[in-house]
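Engineer: Sharing a structure below in structure tokens format, with a few things to ask.
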Amino acid sequence: MDNDLLKYFERREFKKDLRFQLEKDIEGAKAALHSFEMDSFEQIYNLLLPLMDECMKDSTRWMRIINRVDLNERQLKNISRMEGSYAEKITKAILMRVFQKVALRWSNK
């Protein structure tokens, strides 16, 4: 992850905003992240991966998540071309996009 983005992750309020955005954009994230401290990108990823795998089984739910997170068709095609399981790649992309959205708001404060 970009060091410029990581500097925000050290702040408690940023983590609070990140949790809120994840819960807003990803159906089921509130339950997955319940009582989790949001200590690292990897921990969040590990909690969201099974949820994303489950969400992909319901195309309507999945498309709502993709639209809320704001991944476009080109980005989805690029993700699908990368090596590894689709669930792993898309979970990382979604988490990075949500992280980016929150960091962008923080950079404008």
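Quick note on naming: the chains in the structure tokens go A, B, ... in the order shown, residues restart at 1 in each chain, and ligands are numbered from 1 in order of appearance.
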Set the distance at 9 Å and use only C-alpha atoms: which residues neighbour Ile90 of chain A once local chain neighbours fewer than 5 positions away are removed? I'd like the list as an NGL selection string.
Structural biologist: :A and (49 or 52 or 76 or 79-80 or 85 or 95)
Engineer: List the spatial neighbours of Ile26 of chain A as a PyMOL selection string - criterion: any atom at most 8 Å away, only C-alpha atoms, same-chain residues fewer than 4 positions off excluded.
Structural biologist: chain A and resi 22+65+68-69
Engineer: Can you list, as an NGL selection string, every protein, DNA or RNA residue that comes within 10 Å of segment 42-45 of chain A when you count only C-alpha atoms, leaving out same-chain residues fewer than 5 positions away?
Structural biologist: :A and (19 or 22 or 32-33 or 36-37 or 50-52 or 88 or 91-92 or 94-96)
